[in-house]
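Visitor: Sharing work17.csv below, CSV, C-alpha atoms:
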chain,number,residue,atom,x,y,z
Y,10,MET,CA,82.6,120.1,-57.5
Y,11,THR,CA,81.1,117.5,-59.7
Y,12,ASN,CA,77.6,116.2,-60.4
Y,13,PRO,CA,77.4,113.0,-62.4
Y,14,THR,CA,73.9,113.7,-63.8
Y,15,ASN,CA,74.9,117.0,-65.6
Y,16,HIS,CA,77.6,118.0,-67.9
Y,17,PRO,CA,79.4,121.4,-67.9
Y,18,SER,CA,78.9,123.8,-70.8
Y,19,GLU,CA,81.4,123.1,-73.6
Y,20,SER,CA,81.3,126.8,-74.6
Y,21,LYS,CA,83.6,128.1,-72.0
Y,22,ARG,CA,86.3,125.4,-71.5
Y,23,PRO,CA,88.1,125.8,-74.8
Y,24,ARG,CA,88.6,129.6,-74.2
Y,25,LEU,CA,90.1,129.0,-70.8
Y,26,ALA,CA,92.3,126.2,-72.1
Y,27,ARG,CA,93.5,128.6,-74.8
Y,28,ASN,CA,94.3,131.3,-72.3
Y,29,CYS,CA,96.2,128.8,-70.1
Y,30,ASN,CA,99.1,129.3,-72.6
Y,31,ARG,CA,99.0,133.0,-72.8
Y,32,GLY,CA,102.5,134.5,-73.2
Y,33,ASN,CA,101.9,137.2,-70.6
Y,34,SER,CA,101.8,134.9,-67.6
Y,35,THR,CA,103.6,136.4,-64.6
Y,36,LEU,CA,104.7,133.1,-63.2
Y,37,SER,CA,108.4,132.4,-63.3
Y,38,ASN,CA,109.9,129.0,-64.2
Y,39,ASN,CA,110.9,128.5,-60.6
Y,40,ASP,CA,107.4,128.9,-59.4
Y,41,PRO,CA,106.2,125.5,-57.9
Y,42,ARG,CA,102.8,126.1,-59.4
Y,43,PRO,CA,102.4,125.1,-63.0
Y,44,ASP,CA,102.4,128.1,-65.4
Y,45,THR,CA,98.6,127.8,-65.5
Y,46,PRO,CA,96.1,125.8,-63.4
Y,47,VAL,CA,94.5,122.8,-65.0
Y,48,SER,CA,90.9,121.9,-64.2
Y,49,SER,CA,90.7,118.5,-62.5
Y,50,SER,CA,87.1,117.5,-63.1
Y,51,ARG,CA,88.1,113.9,-64.0
Y,52,GLN,CA,90.2,113.4,-60.8
Y,53,PRO,CA,88.4,111.9,-57.8
Y,54,PRO,CA,88.0,114.3,-54.9
Y,55,PRO,CA,89.9,113.7,-51.6
Y,56,PRO,CA,88.1,111.7,-49.0
Y,57,VAL,CA,85.7,113.6,-46.7
Y,58,VAL,CA,86.9,113.8,-43.1
Y,59,VAL,CA,84.2,114.2,-40.4
Y,60,GLY,CA,84.2,114.6,-36.7
Y,61,LEU,CA,87.2,117.0,-36.6
Y,62,ILE,CA,87.8,119.4,-33.8
Y,63,PHE,CA,89.1,122.9,-34.6
Y,64,THR,CA,90.4,125.8,-32.5
Y,65,TYR,CA,89.3,129.4,-33.0
Y,66,ASP,CA,91.6,131.3,-30.6
Y,67,THR,CA,94.9,131.5,-32.6
Y,68,SER,CA,95.9,135.2,-32.9
Y,69,PRO,CA,97.1,136.6,-36.3
Y,70,THR,CA,100.7,137.2,-35.3
Y,71,SER,CA,103.3,137.3,-38.1
Y,72,ASN,CA,104.5,133.9,-37.1
Y,73,ASN,CA,101.0,132.4,-37.0
Y,74,ILE,CA,100.1,133.8,-40.4
Y,75,GLU,CA,103.3,132.5,-41.9
Y,76,SER,CA,102.7,129.1,-40.2
Y,77,ALA,CA,99.3,128.8,-41.7
Y,78,LEU,CA,100.5,129.8,-45.1
Y,79,CYS,CA,103.3,127.2,-44.8
Y,80,VAL,CA,100.8,124.5,-44.1
Y,81,ILE,CA,98.8,125.2,-47.3
Y,82,SER,CA,101.9,125.8,-49.4
Y,83,ASP,CA,103.4,122.4,-48.6
Y,84,VAL,CA,103.9,120.3,-51.7
Y,85,ASN,CA,105.2,117.3,-49.9
Y,86,LYS,CA,101.8,116.4,-48.4
Y,87,LYS,CA,103.2,116.2,-44.9
Y,88,TYR,CA,100.2,117.9,-43.3
Y,89,THR,CA,96.9,116.2,-42.6
Y,90,ASP,CA,93.5,117.3,-44.0
Y,91,HIS,CA,92.7,118.5,-40.5
Y,92,GLU,CA,95.8,120.7,-40.3
Y,93,ILE,CA,95.1,122.1,-43.7
Y,94,LEU,CA,91.5,122.9,-42.9
Y,95,GLN,CA,92.6,124.5,-39.5
Y,96,ALA,CA,95.0,126.7,-41.4
Y,97,LEU,CA,92.3,127.8,-43.9
Y,98,LYS,CA,89.8,128.4,-41.1
Y,99,ASP,CA,92.4,130.6,-39.2
Y,100,ILE,CA,93.2,132.7,-42.3
Y,101,LEU,CA,89.6,133.2,-43.1
Y,102,ARG,CA,88.7,134.2,-39.5
Y,103,TRP,CA,91.6,136.7,-39.4
Y,104,SER,CA,90.5,138.2,-42.7
Y,105,TYR,CA,86.9,139.2,-41.7
Y,106,ALA,CA,86.2,142.9,-41.6
Y,107,ASN,CA,83.6,142.6,-38.9
Y,108,ASN,CA,85.9,140.7,-36.4
Y,109,ASP,CA,86.4,143.3,-33.6
Y,110,ALA,CA,88.8,141.0,-31.8
Y,111,ILE,CA,91.3,141.2,-34.8
Y,112,ASP,CA,93.5,144.0,-35.9
Y,113,ARG,CA,92.4,143.6,-39.5
Y,114,ARG,CA,94.7,146.2,-40.9
Y,115,GLY,CA,97.6,144.5,-39.2
Y,116,PHE,CA,96.6,141.2,-40.6
Y,117,LEU,CA,96.2,142.6,-44.1
Y,118,ASN,CA,99.6,144.1,-44.0
Y,119,GLU,CA,101.2,140.9,-42.9
Y,120,PHE,CA,99.3,138.8,-45.4
Y,121,LEU,CA,100.4,141.1,-48.2
Y,122,GLU,CA,104.0,141.1,-47.0
Y,123,LEU,CA,104.0,137.2,-46.8
Y,124,ALA,CA,102.6,136.9,-50.4
Y,125,GLY,CA,99.4,135.5,-49.0
Y,126,ILE,CA,97.3,136.0,-52.2
Y,127,SER,CA,99.9,134.2,-54.4
Y,128,ARG,CA,100.2,131.4,-51.9
Y,129,VAL,CA,96.5,130.7,-51.5
Y,130,LEU,CA,96.1,130.7,-55.3
Y,131,LYS,CA,99.0,128.2,-55.6
Y,132,PHE,CA,97.2,126.0,-53.0
Y,133,LEU,CA,94.0,126.0,-55.0
Y,134,THR,CA,95.9,124.9,-58.2
Y,135,MET,CA,97.6,121.9,-56.5
Y,136,PRO,CA,96.3,118.5,-57.8
Y,137,ASN,CA,92.7,117.7,-56.6
Y,138,ASN,CA,92.4,121.0,-54.6
Y,139,ILE,CA,90.5,122.9,-57.3
Y,140,CYS,CA,87.7,120.3,-57.3
Y,141,ASP,CA,87.4,120.2,-53.5
Y,142,THR,CA,84.3,122.2,-52.6
Y,143,ASP,CA,85.5,123.2,-49.2
Y,144,TYR,CA,88.9,124.4,-50.4
Y,145,VAL,CA,87.3,126.4,-53.2
Y,146,GLU,CA,84.9,128.1,-50.8
Y,147,PHE,CA,87.6,128.9,-48.3
Y,148,ILE,CA,90.0,130.4,-50.9
Y,149,GLY,CA,87.1,132.4,-52.5
Y,150,LYS,CA,86.1,133.8,-49.2
Y,151,ILE,CA,89.7,134.6,-48.2
Y,152,ILE,CA,90.3,136.4,-51.5
Y,153,GLY,CA,87.0,138.2,-51.2
Y,154,ASN,CA,87.8,139.4,-47.7
Y,155,CYS,CA,91.3,140.5,-48.5
Y,156,THR,CA,90.1,142.6,-51.5
Y,157,ASP,CA,87.2,144.2,-49.5
Y,158,PRO,CA,88.2,147.7,-48.2
Y,159,ALA,CA,85.4,147.6,-45.6
Y,160,PRO,CA,84.7,149.0,-43.2
Y,161,ASN,CA,84.5,152.6,-44.4
Y,162,TYR,CA,87.3,152.0,-47.0
Y,163,GLU,CA,89.9,152.5,-44.3
Y,164,ASN,CA,92.0,149.7,-45.8
Y,165,LEU,CA,91.6,150.7,-49.4
Y,166,ASP,CA,95.3,151.1,-50.0
Y,167,ILE,CA,96.1,147.6,-48.9
Y,168,THR,CA,93.1,145.8,-50.4
Y,169,GLN,CA,93.7,147.5,-53.8
Y,170,LEU,CA,97.3,146.1,-53.7
Y,171,MET,CA,95.8,142.6,-52.9
Y,172,ALA,CA,93.5,142.9,-55.9
Y,173,ARG,CA,96.3,143.9,-58.2
Y,174,LYS,CA,98.4,140.9,-56.9
Y,175,PHE,CA,95.4,138.6,-57.5
Y,176,VAL,CA,95.2,139.7,-61.2
Y,177,GLU,CA,99.0,139.5,-61.7
Y,178,LYS,CA,99.0,135.9,-60.4
Y,179,ASP,CA,96.3,134.8,-62.9
Y,180,GLY,CA,93.7,134.8,-60.1
Y,181,ILE,CA,90.9,135.5,-62.6
Y,182,LEU,CA,91.7,132.4,-64.6
Y,183,THR,CA,92.1,130.3,-61.4
Y,184,MET,CA,88.7,131.3,-60.1
Y,185,LEU,CA,87.1,130.7,-63.4
Y,186,LEU,CA,88.6,127.2,-63.6
Y,187,ALA,CA,87.3,126.5,-60.1
Y,188,ASN,CA,83.9,127.7,-61.2
Y,189,GLU,CA,84.0,125.2,-64.1
Y,190,GLU,CA,83.9,122.4,-61.5
Y,191,TYR,CA,80.3,123.2,-60.9
Y,192,ASN,CA,78.3,121.1,-63.3
Y,193,GLY,CA,74.8,122.2,-62.2
Y,194,GLY,CA,72.5,121.0,-59.5
Y,195,SER,CA,71.2,122.2,-56.1
Y,196,ASN,CA,73.9,121.0,-53.7
Y,197,SER,CA,74.1,123.9,-51.2
Y,198,ARG,CA,77.8,123.3,-50.5
Y,199,GLU,CA,78.7,123.6,-54.2
Y,200,LEU,CA,76.5,126.6,-54.6
Y,201,GLN,CA,78.2,128.3,-51.7
Y,202,ALA,CA,81.6,127.7,-53.3
Y,203,VAL,CA,80.3,129.2,-56.6
Y,204,TYR,CA,79.0,132.2,-54.7
Y,205,SER,CA,82.4,132.7,-53.1
Y,206,ILE,CA,84.1,132.7,-56.5
Y,207,TRP,CA,81.9,135.3,-58.0
Y,208,ALA,CA,81.9,137.5,-54.9
Y,209,ALA,CA,85.7,137.5,-54.9
Y,210,LEU,CA,85.8,138.4,-58.6
Y,211,GLY,CA,83.2,141.1,-57.9
Y,212,ASN,CA,85.5,142.8,-55.3
Y,213,VAL,CA,88.4,142.8,-57.8
Y,214,TYR,CA,86.3,144.3,-60.6
Y,215,ASP,CA,85.0,146.9,-58.2
Y,216,TYR,CA,88.4,148.7,-58.6
Y,217,ASP,CA,88.5,151.0,-61.6
Y,218,ALA,CA,90.9,150.6,-64.5
Y,219,ASP,CA,93.1,153.3,-63.2
Y,220,ALA,CA,93.7,151.3,-60.0
Y,221,ILE,CA,94.2,147.9,-61.6
Y,222,ASP,CA,95.1,148.1,-65.3
Y,223,GLU,CA,96.5,144.6,-65.6
Y,224,ILE,CA,93.1,143.1,-66.5
Y,225,LYS,CA,93.1,142.4,-70.2
Y,226,MET,CA,90.4,141.9,-72.8
Y,227,ASP,CA,90.9,138.1,-72.8
Y,228,ASP,CA,90.0,138.2,-69.1
Y,229,LEU,CA,86.8,140.0,-69.9
Y,230,LEU,CA,85.9,137.5,-72.6
Y,231,ASP,CA,86.6,134.6,-70.2
Y,232,VAL,CA,84.5,136.2,-67.4
Y,233,LEU,CA,81.5,136.8,-69.8
Y,234,ASP,CA,81.8,133.3,-71.2
Y,235,SER,CA,82.0,131.7,-67.7
Y,236,GLY,CA,79.2,133.9,-66.4
Y,237,LEU,CA,76.8,132.9,-69.1
Y,238,ALA,CA,77.6,129.2,-68.7
Y,239,THR,CA,77.0,129.5,-64.9
Y,240,LEU,CA,73.6,131.2,-65.4
Y,241,THR,CA,72.6,128.4,-67.8
Y,242,LEU,CA,73.6,125.7,-65.2
Y,243,LEU,CA,71.7,127.5,-62.5
Y,244,ASN,CA,68.6,127.4,-64.5
Y,245,GLY,CA,67.9,123.9,-63.2
Y,246,ALA,CA,69.0,124.5,-59.6
Y,247,ILE,CA,66.4,124.6,-56.9
Y,248,ASP,CA,67.7,126.8,-54.1
Y,249,ALA,CA,65.9,129.9,-52.9
Y,250,TYR,CA,68.9,131.3,-51.0
Y,251,TRP,CA,72.1,130.8,-53.0
Y,252,VAL,CA,70.9,130.9,-56.6
Y,253,PRO,CA,69.6,134.5,-56.5
Y,254,ARG,CA,72.8,135.6,-54.7
Y,255,ILE,CA,75.0,133.9,-57.3
Y,256,ILE,CA,73.0,135.5,-60.1
Y,257,HIS,CA,73.5,138.9,-58.5
Y,258,GLN,CA,77.2,138.4,-58.2
Y,259,VAL,CA,77.5,137.2,-61.8
Y,260,PHE,CA,75.7,140.2,-63.1
Y,261,ARG,CA,77.8,142.5,-60.8
Y,262,VAL,CA,81.0,141.1,-62.3
Y,263,THR,CA,80.0,141.0,-65.9
Y,264,GLN,CA,78.6,144.5,-65.7
Y,265,ARG,CA,81.6,146.1,-64.1
Y,266,SER,CA,84.1,144.2,-66.2
Y,267,SER,CA,82.4,145.3,-69.4
Y,268,ARG,CA,82.5,149.0,-68.3
Y,269,ARG,CA,86.3,148.9,-68.5
Y,270,TYR,CA,86.0,148.9,-72.2
Y,271,ASP,CA,83.2,151.4,-72.7
Would it be possible to restate this file's structure as structure tokens?
Guide:
Amino acid sequence: MTNPTNHPSESKRPRLARNCNRGNSTLSNNDPRPDTPVSSSRQPPPPVVVGLIFTYDTSPTSNNIESALCVISDVNKKYTDHEILQALKDILRWSYANNDAIDRRGFLNEFLELAGISRVLKFLTMPNNICDTDYVEFIGKIIGNCTDPAPNYENLDITQLMARKFVEKDGILTMLLANEEYNGGSNSRELQAVYSIWAALGNVYDYDADAIDEIKMDDLLDVLDSGLATLTLLNGAIDAYWVPRIIHQVFRVTQRSSRRYD
């Protein structure tokens, strides 16, 4: 998510770069993802593919969920952009709480068992993916849905485990690095991606410290730093729909994250 006429705030990137080398990373040496994601603002985004036809009738069986995760986990680039987007669309559709045609609890259980949170985070940290607006929005929404206990908190036990796994796999840092790809401006697609990032973080920070105690002080400082920089960049954006929603989510995250250390 780049805008050549603006420049990102320099106040937040050094802190995130420092934390990329934190010694408490949970990633193993055998993990195909680098120990920490690297922002790719200077790399050109992948070409935009238009006119693609997608299907919306694939059911969330264990095999289909695993197949979709395999597509986005592939490091050999054997799948087309269309196949990757189809996999992301399927995972997102299955994750919605208000989809009466889907056994959401069944999907959440399978997604958790198949290490879905870890695998979507790895996908986002692959070269060029973190600067792709569509990919960022999809992953933000998927994580947001999978950490949302709605409706009626009936899936709280699973979504809480998802949120904990997200934190363990450096999901906060990954989301903040994706957020840094927004350099200001009023592009609605970029604003939607930024919104999905902060909405996902908001769901994670909704869980109290007793439920998820892996969130450290460094994470709090990074969130506050990134939140302030985002608000500064939004100051010049002209969008009556997404800007106030992003601001709401940023305040939601920063307020609830700071309460952990009251």
Visitor: Please provide as a compact mmCIF listing (two decimals) with C-alpha atoms, in the frame of the given file all residues within 12 Å of region 167-176 of chain Y, with the sequence filter that same-chain residues fewer than 5 positions apart are discarded (counting all atoms listed in the file).
Guide:
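This went into result34.txt:
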# COMPACT_ATOMS: atom_id res chain seq x y z
CA ASN Y 33 101.90 137.20 -70.60
CA SER Y 34 101.80 134.90 -67.60
CA THR Y 35 103.60 136.40 -64.60
CA LEU Y 36 104.70 133.10 -63.20
CA SER Y 104 90.50 138.20 -42.70
CA ALA Y 106 86.20 142.90 -41.60
CA ARG Y 113 92.40 143.60 -39.50
CA ARG Y 114 94.70 146.20 -40.90
CA GLY Y 115 97.60 144.50 -39.20
CA PHE Y 116 96.60 141.20 -40.60
CA LEU Y 117 96.20 142.60 -44.10
CA ASN Y 118 99.60 144.10 -44.00
CA GLU Y 119 101.20 140.90 -42.90
CA PHE Y 120 99.30 138.80 -45.40
CA LEU Y 121 100.40 141.10 -48.20
CA GLU Y 122 104.00 141.10 -47.00
CA LEU Y 123 104.00 137.20 -46.80
CA ALA Y 124 102.60 136.90 -50.40
CA GLY Y 125 99.40 135.50 -49.00
CA ILE Y 126 97.30 136.00 -52.20
CA SER Y 127 99.90 134.20 -54.40
CA ARG Y 128 100.20 131.40 -51.90
CA VAL Y 129 96.50 130.70 -51.50
CA LEU Y 130 96.10 130.70 -55.30
CA LYS Y 131 99.00 128.20 -55.60
CA ILE Y 148 90.00 130.40 -50.90
CA GLY Y 149 87.10 132.40 -52.50
CA ILE Y 151 89.70 134.60 -48.20
CA ILE Y 152 90.30 136.40 -51.50
CA GLY Y 153 87.00 138.20 -51.20
CA ASN Y 154 87.80 139.40 -47.70
CA CYS Y 155 91.30 140.50 -48.50
CA THR Y 156 90.10 142.60 -51.50
CA ASP Y 157 87.20 144.20 -49.50
CA PRO Y 158 88.20 147.70 -48.20
CA ALA Y 159 85.40 147.60 -45.60
CA PRO Y 160 84.70 149.00 -43.20
CA TYR Y 162 87.30 152.00 -47.00
CA ILE Y 181 90.90 135.50 -62.60
CA LEU Y 182 91.70 132.40 -64.60
CA THR Y 183 92.10 130.30 -61.40
CA MET Y 184 88.70 131.30 -60.10
CA ALA Y 209 85.70 137.50 -54.90
CA LEU Y 210 85.80 138.40 -58.60
CA GLY Y 211 83.20 141.10 -57.90
CA ASN Y 212 85.50 142.80 -55.30
CA VAL Y 213 88.40 142.80 -57.80
CA TYR Y 214 86.30 144.30 -60.60
CA ASP Y 215 85.00 146.90 -58.20
CA TYR Y 216 88.40 148.70 -58.60
CA ASP Y 217 88.50 151.00 -61.60
CA ALA Y 218 90.90 150.60 -64.50
CA ASP Y 219 93.10 153.30 -63.20
CA ALA Y 220 93.70 151.30 -60.00
CA ILE Y 221 94.20 147.90 -61.60
CA ASP Y 222 95.10 148.10 -65.30
CA GLU Y 223 96.50 144.60 -65.60
CA ILE Y 224 93.10 143.10 -66.50
CA LYS Y 225 93.10 142.40 -70.20
CA ASP Y 228 90.00 138.20 -69.10
Visitor: For Cys79 (chain Y), list every protein, DNA or RNA residue within 10 Å, evaluated using all atoms listed in the file, and leave out those in the same chain fewer than 6 positions away; present the list as an MDAnalysis selection string.
Guide: chainID Y and resid 73 88 93 96 128
Visitor: Counting all atoms listed in the file, figure out which residue out of Y:Asp166, Y:Asp99, Y:Asp248, Y:Glu189 gets nearest to Val232 (chain Y).
Guide: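 Residue with the minimum atom-to-atom distance to Val232 (chain Y): Y:Glu189.
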Visitor: Go through Y:Ile81, Y:Leu242, Y:Ile111, Y:Ala208 one by one, measure the shortest atom-to-atom distance of each to Arg261 (chain Y) using all atoms listed in the file, and give the residue with the smallest value.
Guide: Y:Ala208
Visitor: Taking all atoms listed in the file into account, which of Y:Ser68, Y:Gln201, Y:Thr142, Y:Gln95 comes nearest Val80 (chain Y)?
Guide: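 Checking each candidate against Val80 (chain Y), we get Y:Gln95 as the closest.
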Visitor: So the first atom is CA of Lys178 (chain Y) and the second is CA of Ser266 (chain Y); what is the distance between them in Å, to one decimal place?
Guide: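 Answer for the CA of Lys178 (chain Y) to CA of Ser266 (chain Y) separation: 18.0 Å.
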Visitor: So, counting all atoms listed in the file, which residue among Y:Leu133, Y:Ile62, Y:Val252, Y:Leu94 is closest to Val203 (chain Y)?
Guide: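 Among the listed residues, Y:Val252 lies closest to Val203 (chain Y).
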Visitor: What gap, in Å, lies between CA of Leu240 (chain Y) and CA of Ile255 (chain Y)?
Guide: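 Distance reported for this atom pair: 8.7 Å.
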Visitor: What does the structure give for the distance between CA of Gln264 (chain Y) and CA of Asp234 (chain Y), in Å to one decimal?
Guide: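 Interatomic distance, CA of Gln264 (chain Y) to CA of Asp234 (chain Y): 12.9 Å.
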Visitor: Which is closer to Ala249 (chain Y) than all the others in Y:Val84, Y:Ile74, Y:Ser195, Y:Ile206, using all atoms listed in the file?
Guide: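 Nearest candidate to Ala249 (chain Y) out of Y:Val84, Y:Ile74, Y:Ser195, Y:Ile206: Y:Ser195.
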Visitor: For Gly193 (chain Y), which residue out of Y:Leu230, Y:Met10, Y:Leu165, Y:Leu243 is the nearest one, using all atoms listed in the file?
Guide: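 Checking each of Y:Leu230, Y:Met10, Y:Leu165, Y:Leu243 against Gly193 (chain Y), counting all atoms listed in the file, the winner is Y:Leu243.
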